[in-house]
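Colleague: Supplied structure: coords-v1.tsv, TSV, C-alpha atoms.
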chain	number	residue	atom	x	y	z
A	201	GLU	CA	59.64	-27.06	92.06
A	202	ILE	CA	60.50	-26.07	95.61
A	203	LEU	CA	57.64	-25.29	98.02
A	204	PRO	CA	57.81	-24.30	101.70
A	205	ILE	CA	56.96	-26.92	104.29
A	206	ALA	CA	54.83	-24.29	106.02
A	207	SER	CA	54.29	-20.54	106.15
A	208	VAL	CA	54.26	-18.50	109.36
A	209	PHE	CA	52.53	-15.25	110.33
A	210	VAL	CA	53.19	-13.59	113.71
A	211	THR	CA	51.57	-10.43	115.07
A	212	GLU	CA	53.21	-7.78	117.25
A	213	GLU	CA	51.06	-9.04	120.15
A	214	GLY	CA	52.49	-12.55	119.81
A	215	ASP	CA	49.56	-14.30	118.11
A	216	TRP	CA	50.64	-16.69	115.38
A	217	LEU	CA	49.39	-18.71	112.45
A	218	ILE	CA	51.11	-21.58	110.61
A	219	TRP	CA	49.70	-23.16	107.43
A	220	ASN	CA	50.88	-25.58	104.76
A	221	GLU	CA	50.36	-25.69	101.00
A	222	LYS	CA	47.21	-27.84	101.32
A	223	GLY	CA	45.49	-25.23	103.51
A	224	TYR	CA	45.77	-27.00	106.87
A	225	PHE	CA	46.67	-24.66	109.71
A	226	ALA	CA	47.46	-24.34	113.41
A	227	SER	CA	47.25	-21.13	115.40
A	228	SER	CA	47.38	-19.49	118.78
A	229	LYS	CA	44.05	-18.95	120.53
A	230	LYS	CA	43.43	-15.61	118.81
A	231	GLY	CA	45.48	-16.34	115.71
A	232	SER	CA	42.60	-18.00	113.89
A	233	ARG	CA	40.95	-14.61	113.41
A	234	PHE	CA	43.47	-14.00	110.62
A	235	VAL	CA	42.12	-16.96	108.61
A	236	GLY	CA	39.40	-16.35	106.04
A	237	TYR	CA	38.18	-17.67	102.70
A	238	HIS	CA	37.48	-15.62	99.59
A	239	VAL	CA	35.14	-17.63	97.35
A	240	ASN	CA	34.75	-16.69	93.70
A	241	GLN	CA	31.11	-16.69	92.50
A	242	GLY	CA	31.84	-16.28	88.80
A	243	GLN	CA	32.54	-13.40	86.44
A	244	ASN	CA	29.21	-11.63	86.90
A	245	LYS	CA	28.78	-12.09	90.66
A	246	GLU	CA	30.37	-10.49	93.67
A	247	ALA	CA	32.79	-12.78	95.49
A	248	LYS	CA	31.93	-13.88	99.02
A	249	TYR	CA	34.10	-13.85	102.13
A	250	TYR	CA	33.65	-16.45	104.86
A	251	PRO	CA	35.37	-16.51	108.29
A	252	PHE	CA	37.56	-19.39	109.39
A	253	GLU	CA	34.75	-21.13	111.30
A	254	GLN	CA	33.21	-22.33	108.03
A	255	PHE	CA	36.11	-24.66	107.26
A	256	ASP	CA	37.53	-24.98	110.75
A	257	LEU	CA	36.54	-28.65	111.13
A	258	LYS	CA	38.52	-29.64	108.06
A	259	TYR	CA	41.55	-27.36	108.06
A	260	ASN	CA	42.30	-26.62	111.74
A	261	ARG	CA	44.77	-29.49	112.12
A	262	PRO	CA	47.68	-28.93	114.53
A	263	ASP	CA	48.53	-32.64	114.25
A	264	ILE	CA	49.21	-32.33	110.50
A	265	ILE	CA	51.27	-29.14	110.93
A	266	LEU	CA	53.38	-30.69	113.71
A	267	GLN	CA	53.96	-33.79	111.61
A	268	ASP	CA	54.98	-31.71	108.58
A	269	LEU	CA	57.43	-29.64	110.61
A	270	GLY	CA	58.86	-32.63	112.47
A	271	ILE	CA	59.06	-30.71	115.75
A	272	ALA	CA	56.94	-32.96	117.99
A	273	SER	CA	57.07	-36.54	119.21
A	274	VAL	CA	54.81	-39.26	117.83
A	275	ASP	CA	52.88	-39.29	121.14
A	276	VAL	CA	52.14	-35.55	120.97
A	277	ILE	CA	50.98	-35.77	117.35
A	278	LYS	CA	48.81	-38.76	118.22
A	279	ALA	CA	47.25	-36.86	121.13
A	280	TYR	CA	46.34	-33.94	118.85
A	281	HIS	CA	44.83	-36.35	116.31
A	282	MET	CA	42.75	-38.06	119.00
A	283	ALA	CA	41.48	-34.66	120.12
A	284	TYR	CA	40.50	-33.95	116.51
A	285	GLU	CA	38.60	-37.27	116.26
A	286	LYS	CA	36.74	-36.51	119.50
A	287	ARG	CA	35.77	-33.11	118.13
A	288	LEU	CA	34.33	-34.67	114.98
A	289	LYS	CA	32.36	-37.18	117.04
A	290	ARG	CA	30.98	-34.41	119.26
A	291	MET	CA	29.83	-32.52	116.15
A	292	GLY	CA	28.27	-35.65	114.63
A	293	VAL	CA	30.53	-35.44	111.55
A	294	LYS	CA	32.70	-38.09	109.92
A	295	GLU	CA	36.11	-37.20	108.54
A	296	GLU	CA	35.30	-38.54	105.06
A	297	GLN	CA	32.44	-36.01	104.85
A	298	LEU	CA	34.99	-33.20	104.94
A	299	SER	CA	36.67	-34.02	101.62
A	300	ASP	CA	37.42	-31.24	99.15
A	301	ASP	CA	34.77	-32.37	96.69
A	302	ILE	CA	31.96	-32.64	99.23
A	303	HIS	CA	28.48	-31.68	98.04
A	304	LEU	CA	27.22	-28.63	99.92
A	305	PRO	CA	23.66	-27.38	100.39
A	306	GLU	CA	23.02	-23.67	99.99
A	307	LEU	CA	21.41	-21.07	102.25
A	308	THR	CA	20.47	-17.50	101.39
A	309	ILE	CA	19.34	-14.70	103.71
A	310	LYS	CA	16.43	-12.94	102.01
A	311	ASN	CA	15.51	-10.34	104.61
A	312	LYS	CA	16.24	-9.16	108.18
A	313	THR	CA	13.84	-7.32	110.52
A	314	HIS	CA	15.11	-5.90	113.83
A	315	ASP	CA	12.58	-5.39	116.65
A	316	GLU	CA	14.45	-2.97	118.89
A	317	LEU	CA	11.85	-3.14	121.69
A	318	LYS	CA	11.91	-6.94	121.99
A	319	HIS	CA	15.66	-7.15	121.16
A	320	VAL	CA	14.97	-9.76	118.49
A	321	VAL	CA	15.88	-10.03	114.82
A	322	THR	CA	13.71	-12.03	112.43
A	323	VAL	CA	15.70	-13.53	109.56
A	324	SER	CA	13.97	-14.83	106.44
A	325	VAL	CA	16.00	-17.62	104.84
A	326	SER	CA	15.85	-19.86	101.83
A	327	ALA	CA	17.72	-23.19	101.83
A	328	ASN	CA	18.02	-25.88	99.17
A	329	ASP	CA	20.02	-28.89	98.09
A	330	ASP	CA	19.73	-30.35	94.59
A	331	LYS	CA	21.04	-33.76	95.65
A	332	TYR	CA	20.14	-34.59	99.28
A	333	LYS	CA	17.35	-33.79	101.74
A	334	LEU	CA	17.90	-31.07	104.33
A	335	ASP	CA	18.55	-32.12	107.94
A	336	ARG	CA	18.73	-28.99	110.12
A	337	ILE	CA	19.46	-25.29	110.30
A	338	ASN	CA	22.10	-24.01	112.70
A	339	VAL	CA	21.90	-20.51	114.16
A	340	TYR	CA	24.75	-18.86	116.09
A	341	VAL	CA	24.74	-15.54	117.91
A	342	ASN	CA	28.26	-14.54	119.00
A	343	ASP	CA	29.37	-18.15	118.34
A	344	VAL	CA	26.66	-19.58	120.67
A	345	PRO	CA	24.23	-22.07	119.04
A	346	ILE	CA	20.98	-20.50	120.27
A	347	TYR	CA	18.92	-23.53	119.17
A	348	GLY	CA	21.40	-26.01	120.64
A	349	THR	CA	23.87	-28.21	118.79
A	350	SER	CA	20.94	-29.99	117.09
A	351	GLY	CA	19.71	-26.73	115.57
A	352	ILE	CA	16.26	-26.39	114.01
A	353	SER	CA	15.32	-29.85	112.73
A	354	LEU	CA	14.04	-30.18	109.17
A	355	LYS	CA	13.94	-33.99	109.15
A	356	ASP	CA	10.15	-34.19	109.43
A	357	LYS	CA	9.77	-32.10	106.27
A	358	SER	CA	11.74	-34.65	104.19
A	359	SER	CA	12.46	-31.97	101.63
A	360	ASN	CA	15.30	-30.61	99.52
A	361	SER	CA	14.22	-27.03	100.14
A	362	TYR	CA	13.06	-24.78	102.97
A	363	ASN	CA	11.75	-21.24	103.22
A	364	GLY	CA	10.95	-19.68	106.57
A	365	ASP	CA	11.63	-17.13	109.29
A	366	ILE	CA	14.09	-17.62	112.16
A	367	LEU	CA	13.93	-15.65	115.42
A	368	CYS	CA	17.21	-14.68	117.05
A	369	ASP	CA	17.36	-13.15	120.54
A	370	LEU	CA	20.09	-10.52	120.66
A	371	SER	CA	22.63	-9.78	123.36
A	372	PRO	CA	23.45	-6.19	124.38
A	373	GLY	CA	25.92	-4.51	122.03
A	374	LYS	CA	27.29	-5.99	118.83
A	375	ASN	CA	25.93	-9.37	117.72
A	376	LYS	CA	27.58	-11.61	115.13
A	377	ILE	CA	24.84	-13.79	113.64
A	378	GLN	CA	25.63	-16.86	111.54
A	379	ILE	CA	23.16	-19.22	109.88
A	380	SER	CA	23.85	-22.43	107.97
A	381	VAL	CA	21.99	-25.53	106.79
A	382	LEU	CA	23.06	-29.18	106.93
A	383	ASN	CA	21.94	-31.94	104.59
A	384	GLU	CA	21.20	-35.54	105.53
A	385	LYS	CA	24.80	-36.52	104.73
A	386	GLY	CA	26.14	-34.16	107.40
A	387	ALA	CA	27.50	-31.60	104.95
A	388	GLU	CA	27.10	-27.97	106.03
A	389	SER	CA	26.48	-25.01	103.78
A	390	MET	CA	28.60	-21.90	103.83
A	391	LYS	CA	27.74	-19.88	106.93
A	392	GLU	CA	25.98	-16.65	106.08
A	393	THR	CA	27.23	-14.00	108.50
A	394	PHE	CA	26.06	-10.52	109.41
A	395	SER	CA	26.35	-8.17	112.39
A	396	MET	CA	23.66	-6.22	114.23
A	397	ILE	CA	23.84	-3.70	117.06
A	398	ASN	CA	21.39	-4.16	119.94
A	399	LYS	CA	21.03	-1.01	122.05
A	400	GLU	CA	19.66	-2.77	125.13
A	401	THR	CA	21.09	-1.13	128.27
A	402	THR	CA	19.85	-3.56	130.93
A	403	LYS	CA	22.80	-5.24	132.57
A	404	PRO	CA	22.58	-9.07	132.54
A	405	ASP	CA	23.31	-11.36	135.48
A	406	LEU	CA	26.92	-12.53	135.57
A	407	TYR	CA	27.92	-16.03	136.66
A	408	ILE	CA	31.52	-17.17	137.04
A	409	VAL	CA	32.72	-20.78	137.22
A	410	SER	CA	36.43	-21.09	137.94
A	411	ILE	CA	38.60	-24.20	138.21
A	412	GLY	CA	42.12	-24.27	139.62
A	413	VAL	CA	44.64	-27.07	140.02
A	414	SER	CA	47.43	-26.79	142.58
A	415	LYS	CA	48.65	-30.38	142.97
A	416	TYR	CA	50.08	-32.33	140.03
A	417	ALA	CA	51.40	-35.86	139.50
A	418	ASP	CA	54.75	-34.21	138.83
A	419	LYS	CA	55.24	-32.24	142.06
A	420	SER	CA	57.63	-29.81	140.39
A	421	PHE	CA	54.53	-28.23	138.77
A	422	ASN	CA	52.69	-27.75	142.09
A	423	LEU	CA	51.25	-24.26	142.74
A	424	ASN	CA	50.29	-22.46	145.95
A	425	PHE	CA	47.13	-20.56	145.11
A	426	ALA	CA	45.53	-21.85	141.88
A	427	ALA	CA	42.96	-24.14	143.54
Step by step, read the file and then write its structure as structure tokens.

Modeller:
Amino acid sequence: EILPIASVFVTEEGDWLIWNEKGYFASSKKGSRFVGYHVNQGQNKEAKYYPFEQFDLKYNRPDIILQDLGIASVDVIKAYHMAYEKRLKRMGVKEEQLSDDIHLPELTIKNKTHDELKHVVTVSVSANDDKYKLDRINVYVNDVPIYGTSGISLKDKSSNSYNGDILCDLSPGKNKIQISVLNEKGAESMKETFSMINKETTKPDLYIVSIGVSKYADKSFNLNFAA
């Protein structure tokens, strides 16, 4: 049996995506938007679709793709792997927790109520895990963790289940809202995702932080105006 080392997808705009047979991928900055997961729920249930973020920690592995293709030096591959390890540490996740047979908790969105005057949506959720206790709930609005990276802690409840309401402040325009639950072993449920339009017209304050580098150790890279 002959299988490709990797498959490649390139858009007309120049974005790209490379993946191998095991599902690991590397992409350009915007190329990851072409990655998604279609999860079968059984014969009598509608299948679910989840965006790439759900499995990004496990499968977004440029180091593995570069090694498979043999187009980068050992030092470059090692640098990418070190960056991956730092990312796991920052997220408080160990690599062994990301195995294919990991036990996942479950979260279901039961109801959504949009208060257009207060620009808030109240989301009723139900979370459970039949094996481990629940640790925290993560809430993202436009990819920003609105309750911080620690989320909404459930540790004090010491329970395998949770039912409650979550308040989400909305930004003007379209809001992508994602909610997930983590168990005490660091395993995260599938992210439940929905969109909501907020018609707020008040313009927010805008702050810009810019960083430029003009002088480099290798002077051939020096620039005149970046800094």

Colleague: Give me the residues near A:Asn328 as a count of residues only, where near means some atom within 8 Å (using only C-alpha atoms) and where sequence neighbours in that chain fewer than 3 positions away do not count.

Modeller: 7

Colleague: Let me make sure I understand: among A:Glu213, A:Asp418, A:Glu316, A:Asp369, which one has the smallest atom-to-atom distance to A:Ile346 if we use all atoms listed in the file?

Modeller: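 Among the listed residues, the smallest separation from A:Ile346 belongs to A:Asp369.
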
Colleague: Pick out the residues sitting within 12 Å of A:Glu221, and hand them over as a list in words; count all atoms listed in the file, and ignore anything fewer than 6 positions along from it in its own chain.

Modeller: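 Once the nearby chain positions are removed, what remains is Ile202, Leu203, Pro204, Ile205, Ala206, Ser207, Val208, Tyr259, Ile264, Ile265 and Asp268 of chain A.
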
Colleague: Compile the contact shell of stretch 374-381 of chain A as a PyMOL selection string: residues with an atom at most 7 Å away, counting all atoms listed in the file, same-chain residues fewer than 2 positions apart removed.

Modeller: chain A and resi 305+307+327+336-342+370-372+383+388-398

Colleague: Here is a test: counting all atoms listed in the file, which residue of A:Phe234, A:Val413, A:Ala426, A:Cys368 is nearest to A:Val344?

Modeller: A:Cys368

Colleague: Using only C-alpha atoms, find the one residue out of A:Ala417, A:Leu382, A:Leu317, A:Leu257 that sits nearest to A:Lys286.

Modeller: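 For A:Lys286, the nearest of the candidates is A:Leu257.
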
Colleague: Nearest to A:Thr402: which of A:Thr308, A:Gly348, A:Lys248, A:Gly373 is it, counting only C-alpha atoms?

Modeller: A:Gly373

Colleague: Kindly provide, as JSON, the centre and edge lengths (Å, one decimal) of an axis-aligned box around all atoms of stretch 245-257 of chain A given in the file, with 4 Å on each side.

Modeller:
{"center_x": 33.2, "center_y": -19.6, "center_z": 101.0, "size_x": 16.8, "size_y": 26.2, "size_z": 28.6}

Colleague: Could you tell me how far atom CA of A:Ser353 lies from atom CA of A:Lys318, in Å and to one decimal?

Modeller: 24.9 Å

Colleague: Separation of atom CA of A:His319 and atom CA of A:Lys399, in Å?

Modeller: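 Straight-line distance from atom CA of A:His319 to atom CA of A:Lys399 works out to 8.2 Å.
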
Colleague: Can you pull out the residues contacting A:Tyr280? Cut-off 6 Å, using all atoms listed in the file, and skip same-chain residues under 3 positions away; I want them as an mmCIF file with C-alpha atoms, in the frame of the given file.

Modeller:
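Wrote part_25.cif, looks like this:
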data_model
loop_
_atom_site.group_PDB
_atom_site.id
_atom_site.type_symbol
_atom_site.label_atom_id
_atom_site.label_comp_id
_atom_site.auth_asym_id
_atom_site.auth_seq_id
_atom_site.Cartn_x
_atom_site.Cartn_y
_atom_site.Cartn_z
ATOM 1 C CA ASP A 263 48.530 -32.640 114.250
ATOM 2 C CA ILE A 277 50.980 -35.770 117.350
ATOM 3 C CA ALA A 283 41.480 -34.660 120.120
#

Colleague: Could you please determine the separation between atom CA of A:Ala387 and atom CA of A:Val293 in Å, to one decimal place?

Modeller: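 According to the coordinates, atom CA of A:Ala387 and atom CA of A:Val293 are separated by 8.2 Å.
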